[in-house]
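Enquirer: What follows is run.tsv, made up of TSV, C-alpha atoms (C1' of nucleotides):
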```
chain	number	residue	atom	x	y	z
A	1	MET	CA	-21.82	10.02	27.76
A	2	PRO	CA	-22.82	13.65	27.83
A	3	LYS	CA	-23.67	14.97	31.24
A	4	LYS	CA	-27.31	15.63	31.82
A	5	ASP	CA	-28.51	19.09	32.68
A	6	LYS	CA	-29.41	19.72	36.27
A	7	LEU	CA	-32.87	20.64	37.29
A	8	LEU	CA	-34.51	21.22	40.62
A	9	ALA	CA	-38.11	20.24	41.21
A	10	ILE	CA	-40.05	21.46	44.21
A	11	VAL	CA	-43.26	19.61	44.85
A	12	GLY	CA	-45.82	19.18	47.57
A	13	PRO	CA	-49.47	19.72	48.34
A	14	THR	CA	-51.25	23.01	48.12
A	15	ALA	CA	-50.43	25.45	50.92
A	16	SER	CA	-47.16	23.71	51.72
A	17	GLY	CA	-45.01	26.73	50.94
A	18	LYS	CA	-43.49	25.72	47.63
A	19	SER	CA	-43.43	29.15	46.02
A	20	GLU	CA	-41.51	30.86	48.78
A	21	LEU	CA	-39.03	28.05	49.11
A	22	ALA	CA	-38.44	28.13	45.37
A	23	VAL	CA	-37.71	31.84	45.48
A	24	SER	CA	-35.34	31.53	48.39
A	25	LEU	CA	-33.42	28.75	46.65
A	26	ALA	CA	-33.40	30.69	43.42
A	27	LYS	CA	-31.79	33.60	45.20
A	28	LYS	CA	-29.15	31.47	46.86
A	29	PHE	CA	-28.28	29.32	43.90
A	30	ASN	CA	-28.70	31.62	40.95
A	31	GLY	CA	-31.90	30.04	39.78
A	32	GLU	CA	-35.01	30.93	37.85
A	33	ILE	CA	-38.42	29.46	38.32
A	34	ILE	CA	-40.73	27.57	36.02
A	35	SER	CA	-44.17	27.46	37.57
A	36	ALA	CA	-45.95	24.14	37.10
A	37	ASP	CA	-49.46	25.03	38.11
A	38	SER	CA	-52.36	24.41	35.81
A	39	ARG	CA	-54.33	27.38	37.10
A	40	GLN	CA	-51.65	29.98	37.71
A	41	ILE	CA	-50.97	30.04	34.00
A	42	TYR	CA	-54.03	32.24	33.67
A	43	ALA	CA	-53.91	36.01	33.89
A	44	GLY	CA	-56.51	37.42	36.22
A	45	MET	CA	-56.70	34.32	38.33
A	46	ASP	CA	-54.50	35.57	41.11
A	47	ILE	CA	-55.96	35.44	44.59
A	48	GLY	CA	-57.81	32.21	44.03
A	49	THR	CA	-54.72	30.45	42.76
A	50	GLY	CA	-52.34	31.91	45.32
A	51	LYS	CA	-50.11	33.27	42.61
A	52	VAL	CA	-47.01	35.09	43.79
A	53	GLU	CA	-47.47	38.83	43.43
A	54	GLY	CA	-45.00	39.50	40.70
A	55	ALA	CA	-45.01	41.99	37.86
A	56	TRP	CA	-44.24	41.87	34.16
A	57	LYS	CA	-40.90	43.50	33.40
A	58	LYS	CA	-38.84	43.95	30.30
A	59	ILE	CA	-35.61	41.97	30.51
A	60	ARG	CA	-33.28	41.32	27.60
A	61	GLY	CA	-35.92	42.62	25.29
A	62	ARG	CA	-38.54	40.18	26.58
A	63	LYS	CA	-41.41	40.51	28.97
A	64	ILE	CA	-40.89	38.36	32.00
A	65	TYR	CA	-42.92	37.85	35.13
A	66	VAL	CA	-40.70	38.76	38.06
A	67	TYR	CA	-41.27	38.21	41.74
A	68	LYS	CA	-38.77	39.26	44.38
A	69	GLY	CA	-36.22	39.71	41.63
A	70	ILE	CA	-36.60	36.17	40.34
A	71	PRO	CA	-37.97	35.49	36.85
A	72	HIS	CA	-40.95	33.13	36.73
A	73	TYR	CA	-42.00	31.32	33.57
A	74	CYS	CA	-45.22	29.63	32.52
A	75	ILE	CA	-47.24	31.83	34.79
A	76	ASP	CA	-49.85	34.54	34.34
A	77	PHE	CA	-49.56	34.53	30.56
A	78	LEU	CA	-52.81	33.16	29.20
A	79	SER	CA	-56.40	34.30	29.03
A	80	PRO	CA	-58.64	32.09	31.18
A	81	LYS	CA	-60.85	31.76	28.16
A	82	LYS	CA	-58.13	29.77	26.46
A	83	GLN	CA	-57.57	26.08	26.72
A	84	PHE	CA	-54.22	24.74	27.82
A	85	SER	CA	-52.85	21.27	28.41
A	86	ALA	CA	-50.07	19.13	29.76
A	87	GLY	CA	-48.57	18.78	26.32
A	88	LEU	CA	-48.45	22.49	25.66
A	89	PHE	CA	-47.01	23.06	29.08
A	90	GLN	CA	-44.34	20.50	28.45
A	91	ARG	CA	-43.06	22.31	25.39
A	92	GLN	CA	-43.25	25.73	26.90
A	93	ALA	CA	-41.48	24.61	30.05
A	94	GLN	CA	-38.80	22.85	28.07
A	95	LYS	CA	-38.12	26.00	26.15
A	96	ALA	CA	-37.84	28.01	29.34
A	97	ILE	CA	-35.52	25.43	30.88
A	98	ASP	CA	-33.26	25.45	27.84
A	99	ASP	CA	-33.13	29.20	27.96
A	100	ILE	CA	-32.26	29.23	31.66
A	101	LEU	CA	-29.58	26.60	31.19
A	102	GLU	CA	-28.04	28.46	28.30
A	103	ARG	CA	-27.49	31.41	30.54
A	104	GLY	CA	-25.82	29.18	33.08
A	105	LYS	CA	-28.55	29.33	35.65
A	106	LEU	CA	-30.39	26.70	37.64
A	107	PRO	CA	-33.92	25.90	36.47
A	108	ILE	CA	-36.33	25.35	39.33
A	109	LEU	CA	-39.58	23.67	38.46
A	110	CYS	CA	-42.09	24.40	41.16
A	111	GLY	CA	-45.75	23.65	41.41
A	112	GLY	CA	-48.62	21.47	42.42
A	113	THR	CA	-49.62	19.93	39.12
A	114	GLY	CA	-47.94	16.56	39.28
A	115	HIS	CA	-48.92	15.40	35.85
A	116	TRP	CA	-47.31	18.43	34.26
A	117	ILE	CA	-44.12	18.18	36.27
A	118	ASP	CA	-43.68	14.52	35.44
A	119	ALA	CA	-44.25	15.21	31.78
A	120	VAL	CA	-41.31	17.61	31.80
A	121	VAL	CA	-38.89	16.02	34.23
A	122	LEU	CA	-39.38	12.48	33.06
A	123	GLY	CA	-39.52	13.54	29.45
A	124	GLN	CA	-42.72	11.62	28.90
A	125	LYS	CA	-43.97	11.27	25.38
A	126	LEU	CA	-47.49	12.52	25.35
A	127	PRO	CA	-49.28	11.70	22.11
A	128	GLU	CA	-49.29	14.78	19.95
A	129	VAL	CA	-52.94	14.69	19.13
A	130	LYS	CA	-54.75	17.95	19.55
A	131	PRO	CA	-58.10	18.02	21.27
A	132	ASN	CA	-60.91	17.54	18.82
A	133	PRO	CA	-63.89	19.35	20.28
A	134	ALA	CA	-66.40	18.02	17.79
A	135	LEU	CA	-65.38	14.44	18.41
A	136	ARG	CA	-65.35	14.97	22.14
A	137	ARG	CA	-68.83	16.38	22.08
A	138	LYS	CA	-70.01	13.38	20.14
A	139	LEU	CA	-68.33	10.82	22.36
A	140	GLU	CA	-69.45	12.64	25.46
A	141	LYS	CA	-72.96	11.46	24.75
A	142	LEU	CA	-72.02	7.81	24.99
A	143	SER	CA	-71.89	5.81	28.18
A	144	PRO	CA	-68.57	4.69	29.61
A	145	GLU	CA	-69.49	1.11	28.75
A	146	LYS	CA	-69.98	1.93	25.10
A	147	LEU	CA	-66.80	3.97	24.96
A	148	PHE	CA	-64.89	1.17	26.57
A	149	ILE	CA	-66.17	-1.40	24.11
A	150	ARG	CA	-65.20	0.87	21.29
A	151	LEU	CA	-61.72	1.32	22.65
A	152	GLN	CA	-61.38	-2.40	23.15
A	153	LYS	CA	-61.94	-2.90	19.46
A	154	LEU	CA	-59.60	-0.18	18.33
A	155	ASP	CA	-56.82	-0.53	20.87
A	156	PRO	CA	-57.06	-3.59	23.10
A	157	ALA	CA	-53.76	-2.85	24.77
A	158	ARG	CA	-54.80	0.57	25.97
A	159	ALA	CA	-58.19	-0.77	26.96
A	160	LYS	CA	-56.48	-3.23	29.23
A	161	ASN	CA	-54.95	-0.58	31.43
A	162	ILE	CA	-57.44	2.20	31.21
A	163	ASP	CA	-59.94	3.10	33.90
A	164	ARG	CA	-63.07	1.85	32.20
A	165	PHE	CA	-65.38	4.14	34.14
A	166	ASN	CA	-63.54	7.33	33.41
A	167	LYS	CA	-65.15	8.88	30.36
A	168	ARG	CA	-62.60	11.62	30.09
A	169	ARG	CA	-59.74	9.16	29.73
A	170	LEU	CA	-61.73	6.90	27.46
A	171	ILE	CA	-62.55	9.77	25.17
A	172	ARG	CA	-58.98	10.98	25.00
A	173	ALA	CA	-57.75	7.47	24.19
A	174	LEU	CA	-60.29	7.18	21.41
A	175	GLU	CA	-59.37	10.63	20.18
A	176	ILE	CA	-55.75	9.53	19.81
A	177	VAL	CA	-56.53	6.24	18.18
A	178	MET	CA	-59.06	7.67	15.77
A	179	SER	CA	-56.83	10.52	14.75
A	180	THR	CA	-53.60	8.56	14.26
A	181	GLY	CA	-55.07	5.24	13.25
A	182	GLN	CA	-52.53	3.78	15.63
A	183	PRO	CA	-52.78	2.45	19.15
A	184	VAL	CA	-51.96	4.83	21.96
A	185	PRO	CA	-48.18	4.74	22.20
A	186	ALA	CA	-46.52	3.74	25.44
A	187	LEU	CA	-45.62	6.53	27.76
A	188	ASN	CA	-41.99	5.76	27.12
A	189	SER	CA	-40.33	5.43	30.44
A	190	LYS	CA	-37.04	6.23	28.86
A	191	PRO	CA	-34.43	7.80	31.09
A	192	SER	CA	-35.19	11.31	32.16
A	193	PRO	CA	-33.53	14.02	30.06
A	194	TYR	CA	-32.45	15.78	33.24
A	195	GLU	CA	-30.59	15.07	36.39
A	196	CYS	CA	-33.23	16.17	38.82
A	197	LEU	CA	-33.20	16.89	42.50
A	198	TRP	CA	-36.71	16.29	43.77
A	199	LEU	CA	-37.61	18.14	46.94
A	200	GLY	CA	-40.99	17.48	48.49
A	201	LEU	CA	-42.53	19.58	51.22
A	202	LEU	CA	-44.08	17.43	53.90
A	203	TRP	CA	-46.43	18.60	56.62
A	204	PRO	CA	-48.29	16.73	59.32
A	205	GLN	CA	-51.82	16.57	58.00
A	206	GLU	CA	-53.44	18.58	60.80
A	207	ALA	CA	-50.94	21.37	60.41
A	208	LEU	CA	-51.42	21.50	56.68
A	209	TYR	CA	-55.20	21.58	57.08
A	210	LYS	CA	-54.91	24.48	59.48
A	211	ARG	CA	-52.83	26.35	56.96
A	212	ILE	CA	-55.42	25.63	54.30
A	213	ASP	CA	-58.19	27.02	56.47
A	214	SER	CA	-56.39	30.17	57.46
A	215	ARG	CA	-55.22	30.74	53.92
A	216	LEU	CA	-58.80	30.50	52.78
A	217	THR	CA	-60.05	33.18	55.15
A	218	GLU	CA	-57.09	35.28	54.13
A	219	ARG	CA	-57.95	34.96	50.48
A	220	LEU	CA	-61.53	35.92	51.17
A	221	SER	CA	-60.42	39.05	52.96
A	222	GLN	CA	-58.16	39.86	50.04
A	223	GLY	CA	-61.13	40.11	47.73
A	224	MET	CA	-61.25	36.69	46.17
A	225	VAL	CA	-65.01	36.82	45.67
A	226	LYS	CA	-64.64	40.07	43.79
A	227	GLU	CA	-61.91	38.65	41.62
A	228	ILE	CA	-64.11	35.78	40.61
A	229	SER	CA	-67.22	37.82	39.99
A	230	GLN	CA	-65.09	40.05	37.80
A	231	LEU	CA	-63.92	37.08	35.78
A	232	HIS	CA	-67.52	36.19	35.17
A	233	LYS	CA	-68.37	39.73	34.17
A	234	GLN	CA	-65.52	39.63	31.70
A	235	GLY	CA	-67.20	36.73	29.99
A	236	LEU	CA	-66.07	33.57	31.74
A	237	SER	CA	-69.07	31.30	31.96
A	238	TRP	CA	-70.13	29.71	35.23
A	239	LYS	CA	-69.44	26.38	33.61
A	240	LYS	CA	-65.88	27.37	32.91
A	241	LEU	CA	-65.42	28.64	36.44
A	242	PHE	CA	-66.90	25.42	37.75
A	243	ASP	CA	-64.40	23.40	35.75
A	244	PHE	CA	-61.48	25.37	37.13
A	245	GLY	CA	-62.37	23.79	40.44
A	246	LEU	CA	-61.78	24.77	44.04
A	247	GLU	CA	-62.13	28.50	44.73
A	248	TYR	CA	-63.43	29.21	41.24
A	249	ARG	CA	-65.97	26.42	41.46
A	250	TYR	CA	-67.36	27.12	44.91
A	251	VAL	CA	-67.20	30.89	44.85
A	252	GLY	CA	-68.90	30.69	41.48
A	253	GLN	CA	-71.70	28.70	43.01
A	254	TYR	CA	-71.95	31.18	45.83
A	255	LEU	CA	-72.18	34.03	43.35
A	256	GLN	CA	-74.99	32.19	41.62
A	257	LYS	CA	-76.69	31.85	45.01
A	258	LYS	CA	-76.52	28.10	44.82
A	259	LEU	CA	-74.62	28.11	48.09
A	260	THR	CA	-74.73	30.32	51.13
A	261	HIS	CA	-71.55	31.98	52.27
A	262	ASP	CA	-71.11	29.45	55.05
A	263	GLU	CA	-71.78	26.51	52.77
A	264	MET	CA	-69.27	27.86	50.33
A	265	ILE	CA	-66.58	28.11	52.99
A	266	GLU	CA	-67.36	24.66	54.31
A	267	GLN	CA	-67.47	22.89	50.98
A	268	LEU	CA	-64.50	24.72	49.58
A	269	GLY	CA	-62.52	23.84	52.67
A	270	TYR	CA	-63.27	20.18	52.15
A	271	ALA	CA	-62.48	20.38	48.47
A	272	ILE	CA	-59.08	21.93	49.02
A	273	LYS	CA	-58.21	19.26	51.55
A	274	HIS	CA	-59.30	16.54	49.17
A	275	TYR	CA	-57.11	18.13	46.56
A	276	ALA	CA	-54.15	18.17	48.90
A	277	LYS	CA	-54.65	14.47	49.52
A	278	ARG	CA	-54.84	13.68	45.84
A	279	GLN	CA	-51.64	15.57	45.29
A	280	MET	CA	-49.96	13.51	47.98
A	281	THR	CA	-51.08	10.23	46.49
A	282	TRP	CA	-49.60	11.37	43.21
A	283	TRP	CA	-46.23	12.17	44.74
A	284	LYS	CA	-46.07	9.25	47.11
A	285	ARG	CA	-45.24	6.87	44.32
A	286	ASN	CA	-42.28	8.92	43.18
A	287	ARG	CA	-39.42	7.32	45.03
A	288	ASN	CA	-36.94	9.97	44.01
A	289	ILE	CA	-38.48	12.69	46.10
A	290	GLN	CA	-36.65	13.72	49.23
A	291	TRP	CA	-39.30	14.74	51.69
A	292	LEU	CA	-38.40	17.70	53.84
A	293	LYS	CA	-40.05	18.53	57.12
A	294	THR	CA	-41.44	21.82	58.15
A	295	PRO	CA	-38.87	24.56	58.24
A	296	PHE	CA	-37.28	22.88	55.21
A	297	LYS	CA	-33.80	23.63	56.49
A	298	GLN	CA	-32.44	20.69	54.55
A	299	ALA	CA	-33.29	22.29	51.24
A	300	ASP	CA	-30.20	24.50	51.16
A	301	LYS	CA	-27.76	21.74	51.94
A	302	LEU	CA	-29.30	19.30	49.53
A	303	THR	CA	-29.36	21.82	46.73
A	304	LYS	CA	-25.79	22.83	47.34
A	305	LYS	CA	-24.63	19.25	47.29
A	306	PHE	CA	-26.64	18.60	44.15
A	307	ILE	CA	-25.14	21.52	42.30
A	308	LEU	CA	-21.57	20.72	43.25
A	309	GLY	CA	-21.91	16.97	42.89
B	1	G	C1'	-98.95	15.25	84.69
B	2	G	C1'	-101.77	14.02	79.79
B	3	C	C1'	-101.65	13.41	74.45
B	4	G	C1'	-98.92	13.14	69.82
B	5	C	C1'	-94.49	12.46	66.89
B	6	A	C1'	-89.60	10.80	66.64
B	7	G	C1'	-84.88	7.87	68.10
B	8	U	C1'	-81.15	3.76	61.85
B	9	G	C1'	-72.85	4.11	60.89
B	10	G	C1'	-69.33	10.78	62.90
B	11	C	C1'	-73.55	13.84	60.53
B	12	G	C1'	-77.97	13.98	57.22
B	13	A	C1'	-81.38	10.34	55.45
B	14	A	C1'	-84.18	5.83	52.95
B	15	G	C1'	-86.34	1.34	54.27
B	16	C	C1'	-92.28	0.53	57.71
B	17	A	C1'	-92.59	-7.56	58.33
B	18	G	C1'	-88.95	-11.72	54.16
B	19	C	C1'	-82.80	-10.17	48.64
B	20	U	C1'	-75.83	-9.69	51.99
B	21	A	C1'	-79.66	-2.22	56.06
B	22	A	C1'	-80.29	2.38	49.90
B	23	C	C1'	-78.10	7.05	49.17
B	24	G	C1'	-75.55	11.88	50.32
B	25	C	C1'	-71.73	14.37	53.33
B	26	A	C1'	-67.47	13.87	56.22
B	27	G	C1'	-63.32	10.15	57.05
B	28	C	C1'	-59.76	6.56	55.05
B	29	G	C1'	-57.20	4.30	50.80
B	30	G	C1'	-56.25	4.53	45.63
B	31	U	C1'	-56.06	5.57	39.91
B	32	C	C1'	-53.88	8.84	36.45
B	33	U	C1'	-50.69	8.37	28.32
B	34	G	C1'	-52.57	16.69	26.06
B	35	C	C1'	-59.30	19.19	30.14
B	36	A	C1'	-55.13	17.00	35.93
B	37	A	C1'	-57.50	22.58	41.30
B	38	A	C1'	-60.13	18.15	36.50
B	39	A	C1'	-61.98	13.24	35.89
B	40	C	C1'	-62.41	8.45	38.12
B	41	C	C1'	-62.36	3.99	41.58
B	42	G	C1'	-62.47	1.21	46.37
B	43	C	C1'	-63.56	0.82	51.92
B	44	G	C1'	-67.58	1.75	56.57
B	45	A	C1'	-73.51	-0.31	60.72
B	46	U	C1'	-73.15	-8.92	62.05
B	47	U	C1'	-76.77	-4.03	63.16
B	48	C	C1'	-81.43	-0.19	63.36
B	49	A	C1'	-82.25	4.02	71.61
B	50	U	C1'	-82.65	-0.05	75.61
B	51	G	C1'	-85.23	-4.44	77.62
B	52	G	C1'	-89.04	-7.85	76.86
B	53	G	C1'	-92.88	-10.09	73.62
B	54	U	C1'	-95.76	-11.84	68.96
B	55	G	C1'	-94.39	-14.15	64.13
B	56	C	C1'	-91.38	-19.48	60.24
B	57	A	C1'	-89.31	-14.40	59.66
B	58	A	C1'	-88.86	-7.65	62.95
B	59	A	C1'	-85.19	-1.77	61.83
B	60	U	C1'	-90.17	-2.60	60.31
B	61	C	C1'	-96.01	-5.20	64.77
B	62	C	C1'	-97.08	-5.07	70.48
B	63	C	C1'	-95.60	-3.68	75.68
B	64	A	C1'	-92.34	-1.24	79.08
B	65	U	C1'	-88.27	2.02	79.97
B	66	C	C1'	-85.03	6.02	78.54
B	67	U	C1'	-84.06	10.41	75.42
B	68	G	C1'	-85.59	14.54	72.16
B	69	C	C1'	-89.33	17.63	69.97
B	70	G	C1'	-94.32	19.53	69.72
B	71	C	C1'	-99.06	20.38	71.74
B	72	C	C1'	-102.49	20.36	75.98
B	73	U	C1'	-103.77	21.07	81.29
```
Please re-express this file's structure in structure tokens.

Expert:
Amino acid sequence: MPKKDKLLAIVGPTASGKSELAVSLAKKFNGEIISADSRQIYAGMDIGTGKVEGAWKKIRGRKIYVYKGIPHYCIDFLSPKKQFSAGLFQRQAQKAIDDILERGKLPILCGGTGHWIDAVVLGQKLPEVKPNPALRRKLEKLSPEKLFIRLQKLDPARAKNIDRFNKRRLIRALEIVMSTGQPVPALNSKPSPYECLWLGLLWPQEALYKRIDSRLTERLSQGMVKEISQLHKQGLSWKKLFDFGLEYRYVGQYLQKKLTHDEMIEQLGYAIKHYAKRQMTWWKRNRNIQWLKTPFKQADKLTKKFILG
RNA sequence: GGCGCAGUGGCGAAGCAGCUAACGCAGCGGUCUGCAAAACCGCGAUUCAUGGGUGCAAAUCCCAUCUGCGCCU
């Protein structure tokens, strides 16, 4: 049996300190970083996403985003006007990982987007059906009940497991079925293509919430509002900003005068905390994660053991 | 001191005699098959300031007390 390639995954809620830990491990263990963050992929969305302050440099004839001397992939490369997805990320990340491995380095997948990380690390088979905007627009008009009934007819198996109130999921399922003429294939819980060390950053909730609050005031003082109003001036619709969520959603509403400054801070604070909780419920069910407590001292030892073992 | 209005879960707020006291926010728990910082689901007052009363039936009517707000002297 061929040995699987080794991969490090650093996960945890927002504001837990993933990025810095990833860089420090990359330095110690000859690693490079693949960012797994569905918003940091976008160029120009910097302060609001908490992107590391790297710069594009030419290395081996290619442009690479570098922060503290460590190459970062899947970050800062796409116009916010463009659509991206878990499936596209999966391919791009896989390519980056292969490239890192070929050069004998340790790939470190780091980010807050659980769905994307799982897609890569677990090698999930996402149906290769591209979004069909016209169909989506059409289905969008139907009620969840109608969509569900439709799915039941076309793919009873998928209908059995799906959240019947969630239009977005219902529509995607129908999109797949209608495009392939086949039922939605199983996710394929085949063995992961990698040998992965999962490190999770765990904080006591109150401490994490404090970090979230202070990080928010910090971002505001760094000019986050300006960043977002600039994005809008460059042609990003309010709707689009709203859909990006969190800072982009609430600052956008503030800029439209739908919220006062105080309301914006209050509601955004709540939203970020809700997000952190959702992230935790995602990770909680992954039994392979080793949860590290605050100064994350264990990370070095565990990584060392993993690499040698 | 007098008159008026109000007092419903942590907060905001419906209900103004008769379904198991709406809903929003916050809180807690959860889902997740190419939008995932998104989308979606579940949980909370045996009780309506307190004490009496009227009614088959009261958060809803009456009386008293307490508290808050407003006006008047």

Enquirer: Given all atoms listed in the file, how would the per-residue table for chain A near chain B read, listing every residue at most 6 Å away with its closest atom pair and distance in Å to one decimal, sorted by chain and number, as a Markdown table?

Expert:
```
| residue | atom | partner | partner_atom | distance |
| --- | --- | --- | --- | --- |
| A:Ser85 | CA | B:G34 | C1' | 5.2 |
| A:Ala86 | CA | B:G34 | C1' | 5.1 |
| A:Gly87 | CA | B:G34 | C1' | 4.5 |
| A:Asn166 | CA | B:C40 | C1' | 5.0 |
| A:Leu187 | CA | B:U33 | C1' | 5.4 |
| A:Gly245 | CA | B:A37 | C1' | 5.1 |
| A:Leu246 | CA | B:A37 | C1' | 5.5 |
```

Enquirer: For range 31-41 of chain A, please output as a short mmCIF file (atom, residue, chain, number, x, y, z; two decimals) with C-alpha atoms (C1' of nucleotides), in the coordinates of the input all residues within 8 Å (counting all atoms listed in the file; exclusion window: fewer than 3 positions along the same chain).

Expert:
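File produced: part04.cif:
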```cif
data_model
loop_
_atom_site.label_atom_id
_atom_site.label_comp_id
_atom_site.auth_asym_id
_atom_site.auth_seq_id
_atom_site.Cartn_x
_atom_site.Cartn_y
_atom_site.Cartn_z
CA ALA A 22 -38.44 28.13 45.37
CA VAL A 23 -37.71 31.84 45.48
CA LEU A 25 -33.42 28.75 46.65
CA ALA A 26 -33.40 30.69 43.42
CA LYS A 27 -31.79 33.60 45.20
CA LYS A 28 -29.15 31.47 46.86
CA MET A 45 -56.70 34.32 38.33
CA ASP A 46 -54.50 35.57 41.11
CA THR A 49 -54.72 30.45 42.76
CA GLY A 50 -52.34 31.91 45.32
CA LYS A 51 -50.11 33.27 42.61
CA ILE A 70 -36.60 36.17 40.34
CA PRO A 71 -37.97 35.49 36.85
CA HIS A 72 -40.95 33.13 36.73
CA TYR A 73 -42.00 31.32 33.57
CA CYS A 74 -45.22 29.63 32.52
CA ILE A 75 -47.24 31.83 34.79
CA ASP A 76 -49.85 34.54 34.34
CA PHE A 77 -49.56 34.53 30.56
CA LEU A 78 -52.81 33.16 29.20
CA ALA A 93 -41.48 24.61 30.05
CA ALA A 96 -37.84 28.01 29.34
CA ILE A 97 -35.52 25.43 30.88
CA ILE A 100 -32.26 29.23 31.66
CA LYS A 105 -28.55 29.33 35.65
CA LEU A 106 -30.39 26.70 37.64
CA PRO A 107 -33.92 25.90 36.47
CA ILE A 108 -36.33 25.35 39.33
CA LEU A 109 -39.58 23.67 38.46
CA CYS A 110 -42.09 24.40 41.16
CA GLY A 111 -45.75 23.65 41.41
CA GLY A 112 -48.62 21.47 42.42
CA THR A 113 -49.62 19.93 39.12
CA TRP A 116 -47.31 18.43 34.26
CA ILE A 117 -44.12 18.18 36.27
CA PHE A 244 -61.48 25.37 37.13
"C1'" A B 36 -55.13 17.00 35.93
"C1'" A B 37 -57.50 22.58 41.30
#
```

Enquirer: Of the residues A:Leu201, A:Ala271, A:Met264, A:Val121, which is the one nearest to Asp5 in chain A, using only C-alpha atoms?

Expert: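 Using only C-alpha atoms, the shortest distance to Asp5 in chain A belongs to A:Val121.
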
Enquirer: Skip Arg285 in chain A itself and residues of its chain fewer than 4 positions away, then list as a PyMOL selection string all residues within 12 Å of it, counting all atoms listed in the file.

Expert: (chain A and resi 114+118+278-281+289) or (chain B and resi 30-32)

Enquirer: Give me, as a PDB file with C-alpha atoms (C1' of nucleotides), keeping the file's coordinate frame, all polymer residues having an atom no more than 7 Å from range 5-13 of chain B, counting all atoms listed in the file and skipping those fewer than 6 positions away in the same chain.

Expert:
```pdb
ATOM      1  C1'   A B  45     -73.510  -0.310  60.720  1.00  0.00           C
ATOM      2  C1'   C B  48     -81.430  -0.190  63.360  1.00  0.00           C
ATOM      3  C1'   A B  49     -82.250   4.020  71.610  1.00  0.00           C
ATOM      4  C1'   A B  59     -85.190  -1.770  61.830  1.00  0.00           C
TER       5        A B  59
END
```
